[in-house]
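Listing of final.cif, mmCIF, C-alpha atoms
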data_data
#
loop_
_atom_site.label_atom_id
_atom_site.label_comp_id
_atom_site.auth_asym_id
_atom_site.auth_seq_id
_atom_site.Cartn_x
_atom_site.Cartn_y
_atom_site.Cartn_z
CA MET L 1 23.72 -27.25 30.46
CA LYS L 2 19.94 -27.53 30.18
CA ASN L 3 19.67 -24.27 32.07
CA LYS L 4 22.04 -22.44 29.75
CA LEU L 5 20.16 -23.72 26.74
CA ALA L 6 16.87 -22.57 28.21
CA ILE L 7 18.26 -19.07 28.84
CA LEU L 8 19.67 -18.82 25.33
CA LEU L 9 16.42 -20.08 23.83
CA SER L 10 14.34 -17.58 25.78
CA LEU L 11 16.70 -14.78 24.74
CA LEU L 12 16.28 -15.85 21.15
CA VAL L 13 12.51 -15.67 21.53
CA ILE L 14 12.76 -12.15 22.98
CA ILE L 15 15.03 -11.01 20.19
CA SER L 16 13.00 -12.59 17.41
CA SER L 17 9.81 -10.99 18.72
CA CYS L 18 11.62 -7.68 18.24
CA VAL L 19 12.59 -8.48 14.66
CA PRO L 20 9.49 -9.24 12.58
CA SER L 21 9.78 -10.58 9.06
CA LYS L 22 10.96 -8.38 6.21
CA LEU L 23 8.73 -7.41 3.30
CA GLY L 24 11.53 -5.93 1.22
CA THR L 25 13.53 -2.77 0.77
CA LYS L 26 11.88 0.57 0.11
CA GLU L 27 13.28 0.61 -3.39
CA SER L 28 12.10 -2.91 -4.23
CA LEU L 29 8.60 -2.16 -2.90
CA TYR L 30 8.19 1.38 -4.26
CA PRO L 31 10.50 1.66 -7.29
CA GLU L 32 8.31 4.25 -9.03
CA VAL L 33 8.82 6.78 -6.23
CA TYR L 34 12.58 6.67 -6.85
CA LYS L 35 12.18 6.72 -10.63
CA LYS L 36 9.66 9.58 -10.81
CA ASN L 37 11.32 11.44 -7.92
CA PRO L 38 8.41 13.67 -6.88
CA LEU L 39 9.44 16.73 -4.82
CA THR L 40 6.04 18.25 -4.15
CA ILE L 41 2.88 16.55 -2.90
CA LEU L 42 -0.58 18.08 -2.96
CA VAL L 43 -2.94 16.60 -0.40
CA LEU L 44 -6.43 16.33 -1.88
CA PRO L 45 -9.60 16.39 0.20
CA ALA L 46 -10.10 12.90 1.63
CA ILE L 47 -12.70 10.60 0.09
CA ASN L 48 -15.18 9.38 2.66
CA LYS L 49 -16.91 6.12 1.83
CA THR L 50 -18.39 5.81 5.30
CA THR L 51 -21.38 7.43 6.97
CA ALA L 52 -19.19 9.08 9.64
CA ALA L 53 -19.85 12.75 9.01
CA ASP L 54 -16.58 14.08 10.37
CA ALA L 55 -14.17 11.58 8.85
CA LYS L 56 -13.48 13.55 5.67
CA GLU L 57 -12.62 16.80 7.44
CA LEU L 58 -10.64 14.92 10.07
CA PHE L 59 -8.23 13.50 7.52
CA THR L 60 -8.12 16.62 5.40
CA ALA L 61 -7.06 18.50 8.56
CA THR L 62 -4.50 16.03 9.90
CA THR L 63 -2.64 14.81 6.81
CA ALA L 64 -0.40 17.76 5.84
CA GLU L 65 1.52 18.00 9.13
CA CYS L 66 2.18 14.25 9.31
CA LEU L 67 3.23 14.11 5.67
CA SER L 68 5.57 17.11 5.97
CA TYR L 69 7.99 15.12 8.17
CA THR L 70 8.76 12.84 5.21
CA GLY L 71 10.55 15.78 3.56
CA TYR L 72 8.34 16.69 0.60
CA TYR L 73 7.03 20.16 -0.17
CA ILE L 74 3.44 19.98 1.05
CA TYR L 75 0.88 22.56 -0.09
CA PRO L 76 -1.15 24.59 2.44
CA THR L 77 -4.41 22.68 2.88
CA GLU L 78 -6.88 25.51 3.49
CA LEU L 79 -5.61 27.65 0.64
CA VAL L 80 -5.60 24.68 -1.73
CA ASN L 81 -9.12 23.64 -0.73
CA ASP L 82 -10.43 27.13 -1.49
CA ILE L 83 -8.72 27.19 -4.89
CA LEU L 84 -10.10 23.73 -5.69
CA LYS L 85 -13.61 24.89 -4.76
CA GLN L 86 -13.34 27.95 -7.00
CA GLU L 87 -12.16 26.02 -10.04
CA SER L 88 -14.90 24.04 -11.70
CA GLY L 89 -14.22 20.89 -13.64
CA TRP L 90 -11.47 19.64 -11.36
CA ASN L 91 -12.60 16.24 -10.33
CA THR L 92 -10.37 15.35 -7.41
CA GLU L 93 -12.32 12.18 -6.63
CA THR L 94 -11.88 10.30 -9.89
CA LEU L 95 -8.57 11.96 -10.75
CA ASP L 96 -8.75 11.85 -14.53
CA VAL L 97 -5.64 12.79 -16.51
CA ASN L 98 -7.19 16.16 -17.35
CA THR L 99 -7.50 17.09 -13.65
CA LEU L 100 -4.00 15.83 -12.86
CA THR L 101 -2.54 17.95 -15.65
CA LYS L 102 -4.38 21.01 -14.31
CA LEU L 103 -3.06 20.34 -10.80
CA LYS L 104 0.45 20.06 -12.19
CA ASP L 105 0.14 23.24 -14.25
CA TYR L 106 -1.49 25.37 -11.56
CA PHE L 107 0.39 24.21 -8.46
CA GLY L 108 3.50 22.59 -9.88
CA ALA L 109 2.54 19.46 -7.96
CA ASP L 110 4.57 16.37 -8.90
CA ALA L 111 2.21 14.02 -7.09
CA VAL L 112 -1.10 14.11 -5.25
CA LEU L 113 -2.02 12.21 -2.13
CA LEU L 114 -5.46 10.75 -1.85
CA VAL L 115 -6.76 9.31 1.41
CA THR L 116 -9.82 7.08 1.12
CA ILE L 117 -11.70 6.22 4.28
CA ASN L 118 -13.22 2.81 3.63
CA LYS L 119 -14.31 2.07 7.16
CA TRP L 120 -14.86 4.20 10.24
CA ASN L 121 -17.15 2.26 12.53
CA THR L 122 -17.54 3.44 16.07
CA SER L 123 -19.15 1.30 18.70
CA TYR L 124 -19.68 1.95 22.36
CA TYR L 125 -20.65 -0.53 24.93
CA VAL L 126 -21.05 -0.34 28.70
CA VAL L 127 -17.41 -1.02 29.50
CA GLY L 128 -15.77 0.88 26.69
CA GLY L 129 -15.76 1.78 23.06
CA ASN L 130 -13.72 1.38 19.93
CA VAL L 131 -13.38 2.50 16.37
CA LYS L 132 -12.69 0.17 13.44
CA VAL L 133 -10.80 1.97 10.73
CA GLU L 134 -9.76 1.01 7.22
CA LEU L 135 -7.81 3.54 5.21
CA GLU L 136 -6.17 3.57 1.84
CA TYR L 137 -3.39 6.03 1.01
CA LYS L 138 -2.49 6.57 -2.64
CA LEU L 139 0.27 8.71 -4.07
CA VAL L 140 -0.51 9.46 -7.71
CA SER L 141 1.97 10.93 -10.18
CA THR L 142 0.62 13.97 -12.03
CA LEU L 143 2.76 13.05 -15.05
CA ASP L 144 0.77 10.00 -16.07
CA GLY L 145 -1.73 9.20 -13.33
CA ALA L 146 0.23 6.17 -12.16
CA VAL L 147 -0.13 5.14 -8.51
CA ILE L 148 3.48 5.25 -7.31
CA TRP L 149 2.91 4.41 -3.64
CA THR L 150 0.00 2.92 -1.81
CA GLN L 151 -0.66 1.77 1.72
CA LYS L 152 -3.65 0.14 3.32
CA ILE L 153 -4.15 0.40 7.05
CA SER L 154 -6.77 -1.50 8.92
CA GLU L 155 -7.03 -1.24 12.67
CA THR L 156 -9.33 -1.32 15.67
CA ILE L 157 -8.56 1.35 18.23
CA ASP L 158 -9.77 1.33 21.80
CA THR L 159 -11.44 4.64 22.69
CA SER L 160 -12.62 3.76 26.17
CA GLN L 161 -11.75 6.12 28.96
CA LYS L 162 -11.52 5.22 32.60
CA SER L 163 -13.45 7.59 34.86
CA GLY L 164 -12.20 5.99 38.04
CA GLY L 165 -15.78 5.53 39.22
CA SER L 166 -17.04 2.21 40.46
CA GLY L 167 -20.36 0.43 40.59
CA ILE L 168 -23.37 1.18 38.42
CA ALA L 169 -23.01 4.96 38.64
CA GLY L 170 -19.39 4.76 37.55
CA MET L 171 -20.34 2.60 34.59
CA VAL L 172 -23.01 5.02 33.42
CA LEU L 173 -20.56 7.88 33.68
CA ASP L 174 -18.01 5.86 31.71
CA LEU L 175 -20.49 5.30 28.91
CA ALA L 176 -21.32 9.00 28.75
CA MET L 177 -17.64 9.95 28.68
CA THR L 178 -16.90 7.46 25.92
CA ALA L 179 -19.72 8.93 23.86
CA VAL L 180 -18.35 12.45 24.31
CA LYS L 181 -14.82 11.34 23.65
CA THR L 182 -15.80 9.35 20.57
CA ALA L 183 -17.64 12.35 19.16
CA SER L 184 -14.95 14.97 19.59
CA THR L 185 -11.25 15.68 19.58
CA GLN L 186 -10.25 12.17 20.63
CA TYR L 187 -10.35 11.23 16.94
CA VAL L 188 -7.57 13.67 16.16
CA PRO L 189 -4.74 11.65 17.77
CA ILE L 190 -6.17 8.48 16.19
CA ALA L 191 -6.04 10.03 12.72
CA VAL L 192 -2.54 11.40 13.40
CA GLY L 193 -1.36 7.98 14.60
CA LEU L 194 -2.69 6.24 11.49
CA ASN L 195 -1.19 8.87 9.18
CA ASN L 196 2.21 8.57 10.83
CA LYS L 197 2.08 4.80 10.58
CA ALA L 198 1.45 4.99 6.83
CA PHE L 199 3.91 7.79 5.99
CA LYS L 200 6.81 6.12 7.80
CA LEU L 201 6.87 3.70 4.89
CA LEU L 202 7.11 6.40 2.22
CA PRO L 203 10.56 7.06 0.71
CA PHE L 204 11.96 10.36 2.03
CA GLY L 205 11.62 13.61 0.11
CA LYS L 206 14.07 16.38 -0.71
CA TYR L 207 13.99 18.18 2.65
CA HIS L 208 14.72 15.07 4.69
CA LEU L 209 18.30 14.38 5.79
CA ARG L 210 18.04 10.83 4.44
CA TYR L 211 16.68 11.81 1.01
CA ARG L 212 18.06 9.36 -1.57
CA LYS L 213 19.73 7.40 1.22
CA ASP L 214 16.83 5.15 2.16
CA GLN L 215 16.61 2.81 -0.85
CA THR L 216 17.92 -0.16 1.13
CA ASP L 217 15.85 0.52 4.27
CA GLU L 218 13.96 -2.66 5.08
CA ILE L 219 10.22 -2.54 5.56
CA LEU L 220 8.89 -5.05 8.06
CA ASN L 221 5.48 -6.66 8.18
CA ASN L 222 4.42 -4.65 11.25
CA TYR L 223 4.57 -1.21 9.58
CA THR L 224 8.07 -0.47 10.83
CA VAL L 225 11.19 0.41 8.91
CA MET L 226 14.73 -0.77 9.63
CA PRO L 227 16.99 2.01 8.38
CA SER L 228 20.12 1.01 6.50
CA ASN L 229 23.39 2.54 7.67
CA LYS L 230 23.67 5.01 4.82
CA MET N 231 30.98 -16.00 30.63
CA LYS N 232 29.39 -17.06 27.37
CA ILE N 233 25.96 -16.50 28.84
CA PHE N 234 27.02 -13.08 30.06
CA LEU N 235 28.20 -12.20 26.57
CA SER N 236 25.04 -13.42 24.90
CA ILE N 237 22.96 -11.41 27.36
CA LEU N 238 25.05 -8.35 26.52
CA ILE N 239 24.49 -8.89 22.81
CA ALA N 240 20.80 -9.43 23.38
CA CYS N 241 20.60 -6.20 25.38
CA SER N 242 22.28 -4.18 22.68
CA LEU N 243 19.95 -5.67 20.08
CA LEU N 244 16.93 -4.79 22.18
CA ALA N 245 18.24 -1.30 22.80
CA SER N 246 18.60 -0.71 19.07
CA CYS N 247 14.85 -1.21 18.77
CA ALA N 248 14.20 1.85 20.93
CA THR N 249 13.91 5.25 19.29
CA THR N 250 16.41 8.04 19.82
CA ASN N 251 15.70 11.69 20.49
CA VAL N 252 16.79 14.15 17.84
CA LYS N 253 16.00 17.80 17.18
CA PRO N 254 12.58 18.03 15.52
CA MET N 255 12.48 18.76 11.81
CA TYR N 256 9.58 21.21 12.16
CA TYR N 257 7.87 23.04 15.00
CA TRP N 258 4.18 22.50 14.20
CA ASN N 259 3.27 22.22 17.88
CA PRO N 260 5.47 24.59 19.87
CA THR N 261 5.22 25.33 23.56
CA VAL N 262 4.52 29.05 23.84
CA LYS N 263 4.57 31.68 26.54
CA VAL N 264 1.22 33.38 27.01
CA LYS N 265 -0.02 35.92 29.51
CA ASN N 266 -2.96 34.82 31.63
CA LYS N 267 -5.63 37.02 33.21
CA ASN N 268 -3.39 38.00 36.11
CA ASP N 269 -0.75 39.19 33.64
CA LYS N 270 1.54 36.32 34.55
CA THR N 271 3.27 34.36 31.82
CA ALA N 272 2.51 30.68 31.54
CA LEU N 273 3.85 27.96 29.26
CA VAL N 274 1.17 26.41 27.07
CA SER N 275 1.60 23.55 24.63
CA THR N 276 -0.15 24.10 21.31
CA SER N 277 -1.37 21.75 18.59
CA TYR N 278 -1.68 22.64 14.92
CA VAL N 279 -4.10 19.84 14.05
CA ASN N 280 -6.32 20.57 17.05
CA THR N 281 -6.69 24.25 16.10
CA LEU N 282 -7.35 23.37 12.45
CA TRP N 283 -9.84 20.69 13.46
CA ALA N 284 -11.63 23.14 15.78
CA LEU N 285 -11.82 25.63 12.89
CA LYS N 286 -13.28 22.97 10.59
CA LYS N 287 -15.83 21.81 13.15
CA THR N 288 -16.98 25.26 14.25
CA PRO N 289 -15.79 28.10 12.02
CA THR N 290 -16.26 31.06 14.37
CA ASP N 291 -14.23 34.26 14.80
CA ASP N 292 -12.56 32.66 17.84
CA SER N 293 -11.50 29.47 16.06
CA LYS N 294 -10.27 31.52 13.07
CA LYS N 295 -8.20 33.69 15.41
CA ALA N 296 -6.82 30.62 17.18
CA TYR N 297 -5.76 29.09 13.87
CA ALA N 298 -4.07 32.31 12.73
CA ASN N 299 -2.27 32.56 16.08
CA GLN N 300 -1.11 28.96 15.79
CA LEU N 301 0.51 29.75 12.42
CA LEU N 302 2.31 32.70 14.02
CA TYR N 303 3.49 30.51 16.92
CA ILE N 304 4.90 28.02 14.40
CA ILE N 305 6.74 30.75 12.48
CA GLU N 306 8.16 32.23 15.68
CA ALA N 307 9.24 28.89 17.19
CA SER N 308 10.85 27.78 13.93
CA ASN N 309 12.86 30.99 13.68
CA ASN N 310 13.87 30.81 17.36
CA ASN N 311 15.08 27.24 16.96
CA ASN N 312 16.88 27.75 13.67
CA ALA N 313 14.53 25.39 11.88
CA ASN N 314 12.71 25.86 8.60
CA VAL N 315 9.14 27.09 8.87
CA PRO N 316 7.14 24.02 7.69
CA PRO N 317 6.06 24.04 4.04
CA GLY N 318 2.83 25.96 3.42
CA VAL N 319 2.71 27.81 6.75
CA TYR N 320 3.85 31.22 5.43
CA ALA N 321 1.42 30.88 2.51
CA GLU N 322 -1.44 29.85 4.78
CA TYR N 323 -0.88 32.87 7.02
CA GLY N 324 -0.58 35.14 3.99
CA TYR N 325 -3.91 33.79 2.77
CA ILE N 326 -5.62 34.61 6.08
CA LEU N 327 -4.26 38.19 5.84
CA LEU N 328 -5.50 38.41 2.25
CA LEU N 329 -9.01 37.29 3.24
CA GLY N 330 -8.90 39.96 5.96
CA GLY N 331 -8.10 42.62 3.35
CA GLN N 332 -4.46 43.17 4.35
CA LYS N 333 -2.98 42.90 0.88
CA ASP N 334 0.48 44.36 1.54
CA GLU N 335 1.02 42.24 4.63
CA SER N 336 -0.18 39.12 2.82
CA LEU N 337 2.28 39.76 -0.04
CA LYS N 338 5.10 39.72 2.50
CA TYR N 339 4.19 36.21 3.66
CA PHE N 340 3.59 34.82 0.18
CA LYS N 341 7.05 36.05 -0.77
CA LEU N 342 8.55 34.40 2.31
CA GLU N 343 7.02 31.09 1.21
CA GLN N 344 8.45 31.57 -2.27
CA GLN N 345 11.93 32.34 -0.93
CA LEU N 346 12.09 29.48 1.54
CA TYR N 347 10.53 26.97 -0.86
CA PRO N 348 11.32 27.77 -4.51
CA LEU N 349 9.30 24.63 -5.35
CA SER N 350 6.20 26.64 -4.45
CA ASN N 351 6.90 29.21 -7.16
CA ALA N 352 4.31 27.94 -9.67
CA TYR N 353 1.24 28.80 -7.63
CA ILE N 354 2.64 31.43 -5.28
CA GLN N 355 3.67 33.61 -8.23
CA LYS N 356 0.13 33.34 -9.64
CA ILE N 357 -1.28 34.52 -6.31
CA ILE N 358 1.25 37.36 -5.98
CA THR N 359 0.52 38.58 -9.53
CA LYS N 360 -3.21 38.47 -8.85
CA ILE N 361 -2.88 40.52 -5.65
CA GLU N 362 -0.60 43.08 -7.28
CA ASN N 363 -2.95 43.48 -10.26
CA ASN N 364 -5.94 44.04 -7.99
CA LYS N 365 -4.39 46.65 -5.75
#
Translate the structure described by the file into structure tokens.
Amino acid sequence: MKNKLAILLSLLVIISSCVPSKLGTKESLYPEVYKKNPLTILVLPAINKTTAADAKELFTATTAECLSYTGYYIYPTELVNDILKQESGWNTETLDVNTLTKLKDYFGADAVLLVTINKWNTSYYVVGGNVKVELEYKLVSTLDGAVIWTQKISETIDTSQKSGGSGIAGMVLDLAMTAVKTASTQYVPIAVGLNNKAFKLLPFGKYHLRYRKDQTDEILNNYTVMPSNK
Amino acid sequence: MKIFLSILIACSLLASCATTNVKPMYYWNPTVKVKNKNDKTALVSTSYVNTLWALKKTPTDDSKKAYANQLLYIIEASNNNNANVPPGVYAEYGYILLLGGQKDESLKYFKLEQQLYPLSNAYIQKIITKIENNK
């Protein structure tokens, strides 16, 4: 009997570790997205509050693809950036009502997405390296400037790479490789991973099969979504 | 027996946590056939964000060409797989053609964007009108 109980208890632990606590349904957490029903999202150049030189371009380059899978019409980033540069008086960092109205009139954008990079701290040490990231995603309605969806992500990501070498020489090589890796394309998958994590929580847009069927999807406290059966 | 049943239930619960494979919504990163130096075809996996990132980091003729090619790969793979070309891709390619002075070709792609995504009409029509007026 004791044995059976122990097995059942351990099973329960396994199962419960797979089912983290619920924060609420998508509709209860983001009611304004369902009310305002945006169909088009314009991704604005990211705001970089850190000293990492590449962070702004990194997020401006990686956001559109990740966001497109949520089913909204997403504007072409390069074309939009050039138009924004040509037009003076569009302040995409403070997002005053005047700018939002212009974005709506010119592009037909229902909402704009603003990514703010609050933290992007890289550190390398002899046995590895990591990057501490804090991001804030904001979806702003162009009708009235209201923030209709927001998500904060804060994470430390390991960027160390094993060279397979051993001893002092191997360690030095490892450090050099981490430095190279941390300075180049290795940031791309990190940015993509963070974007995907955030956008999973966004209600689906018009081109997604589950558009208007995800109101009762449960959002859990570990950035995952439990889809309802609709 | 009861234990067996509870294990079965537990297994099915655990399995439901795993993701399932479905046909992708968009083909941003298709695997493409390219010819190598020896004129043999090879399969190469491509990445939209990597080509765009390379263009942003070092805007050279090569990285511009690679980005334009990537857009063409996406269009081709989407059409081959009966999927929608992702939003903005036709327009982005049209814009590259426009910058290269190919106005008629660029019009074709801007119109494709407009047809596939009527939601893009507001700005695409402005661009089309501008190109046609400046011919």
For the interface of chain L with chain N (cut-off 6 Å, counting all atoms listed in the file), please tabulate each contacting residue of chain L alongside its nearest pair of atoms and their separation in Å to one decimal, rows sorted by chain and increasing number, as CSV.
residue,atom,partner,partner_atom,distance
L:Thr62,CA,N:Val279,CA,5.6
L:Tyr73,CA,N:Pro317,CA,5.8
L:Ile74,CA,N:Pro317,CA,5.7
L:Tyr75,CA,N:Gly318,CA,5.3
L:Pro76,CA,N:Gly318,CA,4.3
L:Tyr106,CA,N:Tyr353,CA,5.9
L:Phe107,CA,N:Tyr353,CA,4.7
L:Gly108,CA,N:Ala352,CA,5.4
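Here the question is which of L:Gly128, L:Thr25, L:Ala6, L:Tyr30 gets nearest to Thr150 of chain L using only C-alpha atoms, and that residue is L:Tyr30.
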Fill in: d(atom CA of Leu114 of chain L, atom CA of Tyr207 of chain L) in Å
21.3 Å
Worksheet entry | Selected residue, from L:Glu87, L:Glu78, L:Glu27, L:Asp105, that lies nearest to Phe204 of chain L when counting all atoms listed in the file |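 Among L:Glu87, L:Glu78, L:Glu27, L:Asp105, it is L:Glu27 that comes nearest to Phe204 of chain L.
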May I have the residues within 9 Å of Lys263 of chain N as a PDB file with C-alpha atoms, keeping the file's coordinate frame, using all atoms listed in the file and disregarding those fewer than 2 positions away in the same chain?
ATOM      1  CA  THR N 261       5.220  25.330  23.560  1.00  0.00           C
ATOM      2  CA  LYS N 265      -0.020  35.920  29.510  1.00  0.00           C
ATOM      3  CA  THR N 271       3.270  34.360  31.820  1.00  0.00           C
ATOM      4  CA  ALA N 272       2.510  30.680  31.540  1.00  0.00           C
ATOM      5  CA  LEU N 273       3.850  27.960  29.260  1.00  0.00           C
ATOM      6  CA  VAL N 274       1.170  26.410  27.070  1.00  0.00           C
ATOM      7  CA  SER N 275       1.600  23.550  24.630  1.00  0.00           C
TER       8      SER N 275
END
Practice prompt. Give me, please, the distance in Å between atom CA of Lys253 of chain N and atom CA of Asn229 of chain L, quoted to one decimal.
Written response: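 Atom CA of Lys253 of chain N sits 19.4 Å away from atom CA of Asn229 of chain L.
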Discussion item. With distances taken over all atoms listed in the file, which residue among N:Ile357, N:Ala313, N:Leu328, N:Val262 lies nearest Ser277 of chain N?
Written reply: N:Val262
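The coordinates place atom CA of Asn309 of chain N at 16.4 Å from atom CA of Lys341 of chain N.
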Practice prompt. Name all residues at most 12 Å from Leu135 of chain L (count all atoms listed in the file; drop same-chain ones fewer than 2 positions away) and give them as a VMD selection string.
Written response: chain L and resid 46 to 50 55 to 56 59 114 to 121 132 to 133 137 to 138 150 to 156 191 194 to 195 197 to 198
Worksheet item: Hey, can you pull every residue with an atom no more than 12 Å from (-5.5, 19.2, -13.1), using only C-alpha atoms, and send it as a PyMOL selection string?
Response: chain L and resi 42+44+83-84+87-112+141-145
Could you give me the centre and size, in Å to one decimal, of an axis-aligned box around all listed atoms of segment 53-58 of chain L with 3 Å added on every side, as lines of an AutoDock Vina configuration file?
center_x = -15.2
center_y = 14.2
center_z = 8.0
size_x = 15.2
size_y = 11.2
size_z = 10.7
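Residue neighbourhood of Val225 of chain L, excluding near-sequence residues (fewer than 2 positions): Val19, Pro20, Ser21, Lys22, Leu23, Gly24, Thr25, Lys26, Lys197, Ala198, Phe199, Lys200, Leu201, Leu202, Pro203, Asp214, Gln215, Thr216, Asp217, Glu218, Ile219, Leu220, Asn221, Asn222, Tyr223, Pro227 and Ser228 of chain L; Cys247 and Thr249 of chain N, at 12 Å, using all atoms listed in the file.
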Response to the item:
From the list N:Val315, N:Leu342, N:Leu301, N:Leu337, the nearest residue to Thr276 of chain N using only C-alpha atoms is N:Leu301
Discussion item. Give me the residues near Leu39 of chain L as a list in words, where near means some atom within 7 Å (using all atoms listed in the file) and where sequence neighbours in that chain fewer than 2 positions away do not count.
Written reply: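 In the requested form, the answer reads Asn37, Ile41, Tyr72, Tyr73, Asp110, Gly205 and Lys206 of chain L.
Excluding Tyr257 of chain N itself and any same-chain residue fewer than 5 positions from it, the protein and nucleic acid residues within 7 Å of it, counting all atoms listed in the file, are Ile304, Ala307 and Ser308 of chain N.
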